[in-house]
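*Asks:* TSV, C-alpha atoms, saved as input-v9.tsv, coming up:
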chain	number	residue	atom	x	y	z
A	1328	MET	CA	114.11	112.76	106.14
A	1329	SER	CA	111.12	111.43	108.09
A	1330	GLY	CA	108.95	114.25	106.69
A	1331	PHE	CA	110.17	113.47	103.15
A	1332	ILE	CA	109.32	109.78	103.52
A	1333	LEU	CA	105.94	110.60	105.05
A	1334	ASP	CA	105.18	112.88	102.09
A	1335	TRP	CA	105.88	110.05	99.65
A	1336	PHE	CA	103.66	107.65	101.60
A	1337	ASN	CA	101.00	110.37	101.56
A	1338	LEU	CA	101.35	110.89	97.81
A	1339	ALA	CA	101.22	107.15	97.07
A	1340	ALA	CA	98.12	106.70	99.23
A	1341	ARG	CA	96.44	109.76	97.69
A	1342	TRP	CA	97.16	108.56	94.15
A	1343	ALA	CA	95.85	105.09	94.95
A	1344	HIS	CA	92.79	106.62	96.61
A	1345	LEU	CA	92.00	108.62	93.48
A	1346	VAL	CA	92.44	105.61	91.20
A	1347	VAL	CA	90.27	103.16	93.14
A	1348	GLY	CA	87.79	105.92	94.05
A	1349	ILE	CA	87.25	106.75	90.38
A	1350	GLY	CA	86.71	103.05	89.73
A	1351	TRP	CA	84.13	102.76	92.52
A	1352	ILE	CA	82.26	105.90	91.54
A	1353	GLY	CA	82.30	104.84	87.90
A	1354	THR	CA	80.78	101.44	88.58
A	1355	SER	CA	78.23	102.93	90.98
A	1356	PHE	CA	77.06	105.51	88.47
A	1357	TYR	CA	77.16	103.00	85.63
A	1358	PHE	CA	75.02	100.35	87.30
A	1359	ILE	CA	72.43	102.83	88.57
A	1360	ALA	CA	72.20	104.32	85.06
A	1361	LEU	CA	72.03	100.80	83.59
A	1362	ASP	CA	69.18	99.84	85.92
A	1363	LEU	CA	67.28	102.92	84.83
A	1364	GLU	CA	67.83	102.08	81.15
A	1365	LEU	CA	66.46	98.53	81.39
A	1366	LYS	CA	63.33	97.88	79.38
A	1367	LYS	CA	60.89	95.03	79.02
A	1368	ARG	CA	61.00	93.66	75.49
A	1369	GLU	CA	58.89	91.21	73.54
A	1370	ARG	CA	61.66	88.65	73.25
A	1371	MET	CA	63.62	88.03	76.42
A	1372	ASN	CA	65.22	84.95	77.91
A	1373	PRO	CA	63.35	83.26	80.79
A	1374	GLY	CA	63.92	85.00	84.11
A	1375	VAL	CA	65.16	88.23	82.55
A	1376	TYR	CA	63.85	91.36	84.27
A	1377	GLY	CA	64.85	93.75	81.50
A	1378	THR	CA	67.46	94.47	78.85
A	1379	ALA	CA	69.42	97.44	77.56
A	1380	TRP	CA	71.31	98.18	74.36
A	1381	LEU	CA	74.46	100.24	74.75
A	1382	VAL	CA	77.11	101.60	72.42
A	1383	HIS	CA	80.67	102.49	73.43
A	1384	GLY	CA	84.08	102.49	71.80
A	1385	GLY	CA	82.74	101.52	68.40
A	1386	GLY	CA	80.97	98.41	69.71
A	1387	PHE	CA	77.42	97.49	70.73
A	1388	TYR	CA	76.48	95.76	73.98
A	1389	HIS	CA	73.29	93.89	74.86
A	1390	VAL	CA	72.86	93.64	78.63
A	1391	GLU	CA	70.32	91.46	80.44
A	1392	LYS	CA	69.40	91.73	84.11
A	1393	TYR	CA	68.21	88.72	86.12
A	1394	MET	CA	66.59	89.53	89.45
A	1395	VAL	CA	67.28	86.04	90.86
A	1396	ALA	CA	70.07	84.94	88.46
A	1397	PRO	CA	69.78	82.41	85.63
A	1398	SER	CA	69.56	78.66	86.20
A	1399	GLU	CA	73.32	78.36	85.67
A	1400	LEU	CA	75.95	80.84	86.78
A	1401	PRO	CA	79.22	81.13	84.80
A	1402	PRO	CA	82.44	80.48	86.73
A	1403	ASP	CA	83.91	83.84	85.68
A	1404	ILE	CA	81.20	86.08	87.13
A	1405	VAL	CA	82.62	89.50	88.07
A	1406	TRP	CA	82.07	90.89	91.57
A	1407	TYR	CA	82.40	94.67	91.84
A	1408	LYS	CA	83.66	95.05	95.38
A	1409	TRP	CA	87.40	95.72	95.52
A	1410	GLU	CA	86.99	99.26	94.22
A	1411	ALA	CA	84.87	100.08	97.29
A	1412	TYR	CA	87.07	98.21	99.75
A	1413	LEU	CA	90.30	99.77	98.51
A	1414	THR	CA	88.77	103.26	98.36
A	1415	TRP	CA	88.08	103.05	102.08
A	1416	VAL	CA	91.44	101.45	102.91
A	1417	THR	CA	93.41	104.09	101.00
A	1418	GLY	CA	91.20	106.88	102.36
A	1419	PHE	CA	91.69	105.74	105.95
A	1420	SER	CA	95.42	105.43	105.28
A	1421	LEU	CA	95.40	109.10	104.22
A	1422	LEU	CA	93.51	110.00	107.38
A	1423	ILE	CA	96.23	108.32	109.41
A	1424	LEU	CA	99.15	109.80	107.48
A	1425	GLN	CA	97.80	113.34	107.20
A	1426	TYR	CA	95.72	113.81	110.33
A	1427	TYR	CA	96.56	111.18	112.95
A	1428	PHE	CA	100.36	111.52	112.62
A	1429	ASN	CA	100.05	115.34	112.62
A	1430	ALA	CA	97.05	115.70	114.90
A	1431	ARG	CA	98.29	118.85	116.62
A	1432	LEU	CA	98.87	120.56	113.29
A	1433	PHE	CA	95.90	119.42	111.19
A	1434	LEU	CA	93.28	118.01	113.57
A	1435	ILE	CA	93.35	119.97	116.82
A	1436	ASP	CA	92.45	123.63	117.23
A	1437	PRO	CA	92.84	124.78	120.86
A	1438	ASN	CA	90.35	127.59	120.22
A	1439	ILE	CA	87.69	124.97	119.51
A	1440	LEU	CA	88.66	122.16	121.90
A	1441	GLU	CA	91.93	121.54	123.68
A	1442	MET	CA	92.81	117.84	123.71
A	1443	ALA	CA	95.67	115.40	123.33
A	1444	PRO	CA	96.39	113.82	119.94
A	1445	SER	CA	95.41	110.40	121.32
A	1446	GLU	CA	92.01	111.78	122.33
A	1447	ALA	CA	91.47	113.31	118.89
A	1448	VAL	CA	92.29	109.99	117.20
A	1449	LEU	CA	90.05	108.04	119.58
A	1450	ILE	CA	87.09	110.35	118.90
A	1451	SER	CA	87.71	109.92	115.18
A	1452	VAL	CA	87.72	106.11	115.24
A	1453	LEU	CA	84.76	105.79	117.61
A	1454	SER	CA	82.64	108.32	115.72
A	1455	LEU	CA	83.20	106.61	112.36
A	1456	GLY	CA	82.16	103.26	113.85
A	1457	ALA	CA	79.18	104.76	115.67
A	1458	GLY	CA	78.03	106.47	112.49
A	1459	TRP	CA	77.81	103.16	110.65
A	1460	LEU	CA	75.99	101.45	113.54
A	1461	ILE	CA	73.35	104.19	113.79
A	1462	TYR	CA	72.89	104.30	110.01
A	1463	ASP	CA	72.56	100.51	109.86
A	1464	ARG	CA	69.89	100.52	112.57
A	1465	LEU	CA	67.96	103.21	110.71
A	1466	CYS	CA	68.01	101.09	107.54
A	1467	LYS	CA	66.75	98.04	109.47
A	1468	SER	CA	64.00	99.96	111.26
A	1469	PRO	CA	60.38	100.38	110.09
A	1470	LEU	CA	61.65	103.44	108.18
A	1471	VAL	CA	62.74	101.01	105.46
A	1472	GLU	CA	59.13	101.02	104.27
A	1473	ARG	CA	59.17	104.81	104.03
A	1474	PRO	CA	62.18	105.72	101.84
A	1475	ALA	CA	61.63	109.48	101.97
A	1476	LEU	CA	61.53	109.54	105.78
A	1477	LEU	CA	64.56	107.25	105.89
A	1478	ALA	CA	66.44	109.69	103.61
A	1479	VAL	CA	65.58	112.58	105.95
A	1480	SER	CA	66.80	110.53	108.93
A	1481	VAL	CA	70.12	109.77	107.21
A	1482	PHE	CA	70.45	113.47	106.37
A	1483	ALA	CA	69.86	114.32	110.04
A	1484	LEU	CA	72.54	111.79	111.04
A	1485	ILE	CA	75.09	113.41	108.72
A	1486	LEU	CA	74.14	116.88	109.95
A	1487	GLY	CA	74.56	115.72	113.55
A	1488	ALA	CA	77.99	114.30	112.75
A	1489	ALA	CA	78.97	117.58	111.07
A	1490	TYR	CA	77.85	119.54	114.16
A	1491	LEU	CA	79.95	117.25	116.37
A	1492	TYR	CA	83.05	117.48	114.20
A	1493	THR	CA	82.91	121.27	113.83
A	1494	HIS	CA	82.78	121.58	117.62
A	1495	VAL	CA	85.63	119.13	118.22
A	1496	TYR	CA	88.17	119.44	115.40
A	1497	SER	CA	89.92	122.16	113.44
A	1498	PRO	CA	87.88	123.45	110.46
A	1499	ARG	CA	89.82	121.34	107.97
A	1500	GLY	CA	89.79	118.31	110.23
A	1501	ALA	CA	86.03	118.66	110.69
A	1502	PHE	CA	85.18	118.71	106.98
A	1503	ILE	CA	87.51	115.83	106.11
A	1504	HIS	CA	85.89	113.82	108.90
A	1505	VAL	CA	82.42	114.44	107.50
A	1506	GLY	CA	83.74	112.98	104.25
A	1507	ALA	CA	85.25	110.02	106.11
A	1508	PHE	CA	81.98	109.55	108.04
A	1509	ILE	CA	79.93	109.34	104.83
A	1510	GLY	CA	82.61	107.31	103.04
A	1511	THR	CA	82.70	104.75	105.85
A	1512	ILE	CA	78.93	104.29	105.62
A	1513	MET	CA	79.21	103.81	101.86
A	1514	ALA	CA	82.11	101.33	102.03
A	1515	VAL	CA	80.57	99.22	104.80
A	1516	ASN	CA	77.31	99.18	102.83
A	1517	VAL	CA	79.24	97.26	100.17
A	1518	PHE	CA	81.33	95.14	102.56
A	1519	GLY	CA	78.66	94.43	105.17
A	1520	VAL	CA	75.38	94.33	103.24
A	1521	ILE	CA	75.51	94.39	99.43
A	1522	ILE	CA	78.17	91.71	98.81
A	1523	PRO	CA	77.13	89.38	101.69
A	1524	ASN	CA	73.51	89.52	100.58
A	1525	GLN	CA	74.52	88.77	97.01
A	1526	ARG	CA	76.56	85.79	98.20
A	1527	LYS	CA	73.56	84.46	100.12
A	1528	ILE	CA	71.40	84.79	97.00
A	1529	VAL	CA	73.97	82.90	94.92
A	1530	ALA	CA	74.28	80.18	97.60
A	1531	SER	CA	70.49	79.72	97.63
A	1532	LEU	CA	70.41	79.39	93.86
A	1533	ILE	CA	73.21	76.82	93.86
A	1534	ALA	CA	71.35	74.85	96.53
A	1535	GLY	CA	68.20	74.91	94.42
A	1536	GLU	CA	66.38	77.10	96.95
A	1537	LYS	CA	64.37	80.26	96.38
A	1538	PRO	CA	66.42	83.31	97.50
A	1539	ASP	CA	64.98	85.63	100.12
A	1540	PRO	CA	63.77	88.70	98.15
A	1541	ALA	CA	64.49	90.89	101.18
A	1542	LEU	CA	68.21	90.36	100.57
A	1543	GLY	CA	68.00	91.88	97.10
A	1544	ARG	CA	65.84	94.77	98.32
A	1545	ALA	CA	68.30	95.61	101.11
A	1546	GLY	CA	71.25	95.50	98.73
A	1547	LYS	CA	69.44	97.74	96.26
A	1548	GLN	CA	68.55	100.22	99.01
A	1549	ARG	CA	72.15	100.53	100.21
A	1550	SER	CA	73.43	100.84	96.63
A	1551	LEU	CA	70.98	103.67	95.98
A	1552	HIS	CA	72.05	105.44	99.18
A	1553	ASN	CA	75.67	105.20	98.07
A	1554	ASN	CA	74.73	106.69	94.72
A	1555	TYR	CA	73.11	109.75	96.30
A	1556	LEU	CA	75.91	110.26	98.83
A	1557	THR	CA	78.71	110.22	96.26
A	1558	LEU	CA	78.53	113.87	95.14
A	1559	PRO	CA	78.48	115.32	98.69
A	1560	VAL	CA	81.39	113.14	99.84
A	1561	LEU	CA	83.47	114.19	96.84
A	1562	LEU	CA	83.10	117.86	97.78
A	1563	MET	CA	83.97	117.08	101.40
A	1564	MET	CA	87.21	115.46	100.25
A	1565	VAL	CA	88.36	118.56	98.33
A	1566	SER	CA	86.93	121.11	100.79
A	1567	ASN	CA	90.33	121.77	102.37
A	1568	HIS	CA	91.31	123.73	99.28
A	1569	TYR	CA	88.49	126.22	99.93
A	1570	PRO	CA	88.77	128.10	103.23
A	1571	MET	CA	85.45	129.88	102.67
A	1572	LEU	CA	83.82	126.48	103.32
A	1573	THR	CA	85.94	125.04	106.10
A	1574	GLY	CA	86.43	128.38	107.86
A	1575	HIS	CA	82.75	129.26	108.19
A	1576	PRO	CA	81.65	129.50	111.84
A	1577	LYS	CA	78.52	127.48	111.00
A	1578	GLY	CA	80.36	124.84	108.99
A	1579	TRP	CA	77.83	122.14	109.88
A	1580	LEU	CA	75.11	124.13	108.08
A	1581	VAL	CA	77.37	124.40	105.04
A	1582	VAL	CA	77.69	120.61	105.12
A	1583	GLY	CA	73.90	120.30	105.14
A	1584	LEU	CA	73.63	122.52	102.07
A	1585	VAL	CA	76.33	120.49	100.31
A	1586	VAL	CA	74.34	117.30	100.93
A	1587	VAL	CA	71.12	118.90	99.66
A	1588	THR	CA	72.82	120.29	96.56
A	1589	GLY	CA	74.59	117.03	95.72
A	1590	GLY	CA	71.50	114.91	96.40
A	1591	ALA	CA	69.28	117.10	94.22
A	1592	VAL	CA	71.77	117.03	91.34
A	1593	ARG	CA	72.14	113.26	91.63
A	1594	HIS	CA	68.33	112.83	91.59
A	1595	PHE	CA	68.09	115.01	88.48
A	1596	LEU	CA	70.68	112.86	86.69
A	1597	ASN	CA	69.05	109.60	87.79
A	1598	ARG	CA	65.57	110.59	86.67
A	1599	HIS	CA	66.97	111.95	83.41
A	1600	ASP	CA	68.66	108.59	82.80
A	1601	ALA	CA	65.34	106.90	83.53
A	1602	HIS	CA	63.71	109.06	80.81
A	1603	ASP	CA	61.08	110.36	83.21
A	1604	PRO	CA	59.01	113.34	82.07
A	1605	PHE	CA	60.98	116.47	82.97
A	1606	GLU	CA	58.11	117.95	84.97
A	1607	LYS	CA	58.41	115.07	87.46
A	1608	TYR	CA	61.93	116.00	88.50
A	1609	SER	CA	62.24	119.63	87.43
A	1610	TRP	CA	62.00	120.63	91.10
A	1611	THR	CA	65.53	119.34	91.64
A	1612	LEU	CA	67.11	122.23	89.71
A	1613	PRO	CA	65.67	125.09	91.80
A	1614	VAL	CA	66.37	123.12	95.01
A	1615	ALA	CA	70.02	122.63	94.01
A	1616	ALA	CA	70.30	126.27	92.87
A	1617	VAL	CA	68.81	127.64	96.10
A	1618	ALA	CA	70.99	125.40	98.30
A	1619	PHE	CA	74.11	126.34	96.35
A	1620	GLY	CA	73.13	130.01	96.42
A	1621	LEU	CA	72.70	129.84	100.19
A	1622	MET	CA	76.21	128.42	100.46
A	1623	VAL	CA	77.60	131.32	98.44
A	1624	TRP	CA	75.61	133.83	100.51
A	1625	MET	CA	76.69	132.27	103.83
A	1626	THR	CA	80.36	132.24	102.85
A	1627	TRP	CA	80.43	135.69	101.24
A	1628	PRO	CA	83.43	137.59	102.68
A	1629	LYS	CA	82.45	139.90	105.50
A	1630	PRO	CA	84.22	143.25	105.85
A	1631	VAL	CA	87.05	142.81	108.33
A	1632	PRO	CA	87.29	145.70	110.80
A	1633	THR	CA	90.69	147.34	110.69
A	1634	THR	CA	92.71	148.92	113.44
A	1635	GLY	CA	92.35	152.40	111.98
A	1636	ALA	CA	96.09	152.85	112.30
A	1637	THR	CA	98.70	152.50	109.59
A	1638	VAL	CA	100.55	149.17	109.74
A	1639	SER	CA	104.15	149.45	108.62
A	1640	ASP	CA	106.06	146.93	106.52
A	1641	ALA	CA	108.25	146.14	109.50
A	1642	GLN	CA	105.19	145.43	111.67
A	1643	VAL	CA	103.60	143.10	109.14
A	1644	MET	CA	106.89	141.23	108.57
A	1645	ALA	CA	107.25	140.76	112.33
A	1646	LEU	CA	103.68	139.42	112.44
A	1647	VAL	CA	104.29	137.04	109.53
A	1648	ASN	CA	107.59	135.82	111.00
A	1649	LYS	CA	105.79	135.07	114.23
A	1650	HIS	CA	102.86	133.14	112.76
A	1651	CYS	CA	103.64	132.03	109.21
A	1652	THR	CA	107.25	131.51	108.25
A	1653	MET	CA	107.82	128.37	110.33
A	1654	CYS	CA	105.96	126.72	107.43
A	1655	HIS	CA	106.01	129.28	104.60
A	1656	ALA	CA	109.77	129.54	104.22
A	1657	ALA	CA	112.27	128.11	101.78
A	1658	HIS	CA	113.38	125.80	104.59
A	1659	PRO	CA	110.45	125.34	107.03
A	1660	THR	CA	111.32	124.81	110.69
A	1661	HIS	CA	107.97	123.32	111.71
A	1662	GLN	CA	108.12	119.63	112.55
A	1663	GLY	CA	106.41	117.57	109.85
A	1664	ILE	CA	106.67	120.32	107.20
A	1665	ASP	CA	109.60	119.84	104.86
A	1666	ALA	CA	108.48	122.17	102.04
A	1667	PRO	CA	106.43	125.39	102.03
A	1668	PRO	CA	102.71	124.55	101.56
A	1669	LYS	CA	101.60	125.29	97.99
A	1670	GLY	CA	105.10	126.62	97.36
A	1671	LEU	CA	104.25	129.92	99.10
A	1672	VAL	CA	107.30	131.55	100.70
A	1673	PHE	CA	106.73	134.74	102.72
A	1674	ASP	CA	110.31	135.91	103.01
A	1675	ASP	CA	109.87	139.58	102.15
A	1676	VAL	CA	107.31	142.36	101.66
A	1677	ALA	CA	107.19	141.75	97.90
A	1678	ALA	CA	106.03	138.17	98.50
A	1679	LEU	CA	103.31	139.36	100.91
A	1680	LYS	CA	102.03	141.78	98.28
A	1681	ARG	CA	102.10	139.07	95.61
A	1682	TYR	CA	100.15	136.58	97.71
A	1683	GLY	CA	98.03	139.11	99.58
A	1684	ALA	CA	94.69	137.77	98.33
A	1685	GLN	CA	95.51	134.21	99.42
A	1686	ILE	CA	96.80	135.35	102.79
A	1687	GLU	CA	93.70	137.47	103.37
A	1688	ALA	CA	91.37	134.56	102.48
A	1689	GLN	CA	93.15	132.08	104.74
A	1690	ALA	CA	94.33	134.12	107.73
A	1691	VAL	CA	92.02	137.15	107.88
A	1692	GLN	CA	88.62	136.12	106.53
A	1693	ALA	CA	88.33	132.35	107.08
A	1694	GLN	CA	90.90	132.35	109.91
A	1695	VAL	CA	92.00	128.79	109.15
A	1696	MET	CA	95.66	129.80	109.20
A	1697	PRO	CA	97.87	129.23	111.07
A	1698	LEU	CA	96.71	125.60	111.14
A	1699	GLY	CA	94.95	124.94	114.41
A	1700	ASN	CA	95.96	128.49	115.35
A	1701	GLU	CA	98.98	126.79	116.85
A	1702	THR	CA	100.80	130.10	117.33
A	1703	GLY	CA	97.83	131.81	118.98
A	1704	MET	CA	97.25	134.52	116.39
A	1705	THR	CA	94.91	137.11	117.93
A	1706	GLU	CA	91.97	138.96	116.38
A	1707	ALA	CA	93.91	142.20	116.68
A	1708	GLU	CA	96.81	140.71	114.72
A	1709	ARG	CA	94.45	139.47	112.02
A	1710	ARG	CA	92.99	142.98	111.73
A	1711	GLU	CA	96.49	144.43	111.41
A	1712	LEU	CA	97.36	141.94	108.68
A	1713	GLY	CA	94.09	142.71	106.88
A	1714	ALA	CA	94.68	146.44	107.12
A	1715	TRP	CA	98.18	146.14	105.64
A	1716	ILE	CA	96.92	143.94	102.76
A	1717	ASP	CA	94.05	146.36	102.09
A	1718	ALA	CA	96.46	149.27	101.93
A	1719	HIS	CA	98.67	147.49	99.38
A	1720	ARG	CA	96.10	146.20	96.89
Kindly transcribe the structure held in the file into structure tokens.
*Replies:*
Amino acid sequence: MSGFILDWFNLAARWAHLVVGIGWIGTSFYFIALDLELKKRERMNPGVYGTAWLVHGGGFYHVEKYMVAPSELPPDIVWYKWEAYLTWVTGFSLLILQYYFNARLFLIDPNILEMAPSEAVLISVLSLGAGWLIYDRLCKSPLVERPALLAVSVFALILGAAYLYTHVYSPRGAFIHVGAFIGTIMAVNVFGVIIPNQRKIVASLIAGEKPDPALGRAGKQRSLHNNYLTLPVLLMMVSNHYPMLTGHPKGWLVVGLVVVTGGAVRHFLNRHDAHDPFEKYSWTLPVAAVAFGLMVWMTWPKPVPTTGATVSDAQVMALVNKHCTMCHAAHPTHQGIDAPPKGLVFDDVAALKRYGAQIEAQAVQAQVMPLGNETGMTEAERRELGAWIDAHR
């Protein structure tokens, strides 16, 4: 019953995370695109930086942007903040429900680092906080005057976090933590910099004072960073469905290529929205293609050496019963698992033949199953399993 209830909490949090996350991403992409569409026009109201004409849903919209706000602010001004706050809250709730409550199953891999669940959770919390603090100091350093060098420094920070996580956590736990690491930076950018700075600007205007332009510049910088980090963090959040990513022995390098690919694609879209000449941003396409191609090349399945001996059906069933069926059974016996993952039940040879490709990808090639290698599946056993699957294709 506890597993059933936990699953429903997990589902509710995941659904909420998707809903508010879509809202946050949508507003982020919209406002960046809107900024890039703004144009100076002959007739504009005093204080207007630029305007844009938009069409959607059968209607036309005329949008004006004020850099320091008009002389009077309406009482019903909309603040876009709760989408970001709730995305982080629901995401962290999922981290707790899925990984903290089941740390031994989903977070800890004894072959990587043996530790207690409390230690794994502590490392998680401290690393997420430390990531924000280091990022924030980078953005407040002299690098702020050199955006390209600052971007490289942030990339190095993410790569360093990925290296740490892949040497501490299970493959799945590592990738989801890279996503949480980036997502925390993005959410605190909104909570700790963008919204507070905007409030200070509004307070100055109400007091009849001239707002500090540095506040607007800092908010714009963090908003732009969030925009470029969105595509990589999205892939991190779905990476657990793709063992060729999470199971790679150099997973931190895969993370780096994901960031490069996502950043290049985002830059292409931004400059396209700004109507820049194509030759000024055409370099983004080959960069994204090469980075993505390197990911495919790195994760290409390597031939798995076999035992050279014939593996019988009885042997493979004994192997599967030892390492797999505590979860992949009609009635799982593993604590915290109340239904077979993905509905896969390995109760007979016919089922192993039917799901051979999936089993090979997860347990033989990527070696991410059993989760955390909790049952201590050996290399020899993986070769036996691979040999049996290869013989029954």
*Asks:* In Å, with one decimal, what is the gap from CA of Glu1706 (chain A) to CA of Gln1685 (chain A)?
*Replies:* 18.0 Å
*Asks:* Taking only C-alpha atoms into account, name the residue in A:Tyr1412, A:Trp1579, A:Tyr1490, A:Trp1715 that is nearest to Met1513 (chain A).
*Replies:*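 Looking at the shortest contact to Met1513 (chain A), the residue is A:Tyr1412.
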*Asks:* Need to verify the contact set: Ile1359 (chain A), 8 Å, all atoms listed in the file, exclusion of same-chain residues closer than 4 positions in sequence. Can you return it as a list in words?
*Replies:*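 Everything that qualifies: Ser1355, Leu1363, Leu1551, Asn1554 and Asn1597 of chain A.
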*Asks:* Please determine an axis-aligned box that encloses all atoms of region 1677-1682 of chain A listed in the file, with 4 Å added on each side, and express its centre and edge lengths in Å to one decimal as lines of an AutoDock Vina configuration file.
*Replies:*
center_x = 103.7
center_y = 139.2
center_z = 98.3
size_x = 15.0
size_y = 13.2
size_z = 13.3
*Asks:* With all atoms listed in the file as the counted atoms, please give the residues lying no more than 10 Å from Gly1348 (chain A), apart from itself and same-chain residues fewer than 5 positions off, as a PyMOL selection string.
*Replies:* chain A and resi 1342-1343+1353-1354+1410-1415+1417-1418+1561
*Asks:* Nearest residue to Phe1356 (chain A) out of A:Ala1707, A:Ala1641, A:Val1623, A:Leu1558, using all atoms listed in the file?
*Replies:* A:Leu1558
*Asks:* Which residue is closest to Gly1703 (chain A)? Choose from A:Ala1656, A:Ala1718, A:Ile1349, A:Cys1651 and count all atoms listed in the file.
*Replies:*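 Of all the options, A:Cys1651 lies closest to Gly1703 (chain A).
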*Asks:* Please compute the CA of Leu1381 (chain A)-CA of Ala1591 (chain A) distance, one decimal, in Å.
*Replies:*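 Interatomic distance here is 26.3 Å.
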*Asks:* Which residue out of A:Val1495, A:Ile1352, A:Val1448, A:Val1587 has the minimum interatomic distance to Gly1699 (chain A) when only C-alpha atoms are used?
*Replies:*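 Residue with the minimum atom-to-atom distance to Gly1699 (chain A): A:Val1495.
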*Asks:* If you count only C-alpha atoms, which residues fall within 10 Å of Phe1331 (chain A), apart from same-chain ones fewer than 6 positions away, as a list in words?
*Replies:*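 Counting only the stated atoms, we get Asn1337, Gly1663, Ile1664, Asp1665 and Ala1666 of chain A.
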*Asks:* Hey, can you check how far CA of Thr1493 (chain A) sits from CA of Met1571 (chain A)?
*Replies:*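 So the answer is 14.3 Å.
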*Asks:* Out of A:Gln1548, A:Thr1511, A:Thr1378, A:Ser1451, which residue has the shortest atom-to-atom distance to Leu1470 (chain A) when counting only C-alpha atoms?
*Replies:*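 Between A:Gln1548, A:Thr1511, A:Thr1378, A:Ser1451, the residue approaching Leu1470 (chain A) most closely is A:Gln1548.
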*Asks:* Out of A:Leu1698, A:Thr1660, A:Pro1401, A:Val1586, which residue has the shortest atom-to-atom distance to Ile1533 (chain A) when counting all atoms listed in the file?
*Replies:*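 Of A:Leu1698, A:Thr1660, A:Pro1401, A:Val1586, the one nearest Ile1533 (chain A) is A:Pro1401, counting all atoms listed in the file.
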*Asks:* Near Tyr1682 (chain A), counting all atoms listed in the file, which residues have an atom at most 12 Å away, once you skip same-chain residues fewer than 2 positions from it, shown as a PyMOL selection string?
*Replies:* chain A and resi 1655+1669-1680+1684-1690+1716+1719-1720
*Asks:* Using all atoms listed in the file, which protein or nucleic acid residues come within 9 Å of region 1484-1486 of chain A? Drop anything in the same chain fewer than 4 positions from it, and give the result as a list in words.
*Replies:*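 In the requested format, the answer is Gly1458, Ile1461, Tyr1462, Val1479, Ser1480, Tyr1490, Leu1491, Val1505, Phe1508, Ile1509, Trp1579, Leu1580, Val1582, Gly1583 and Val1586 of chain A.
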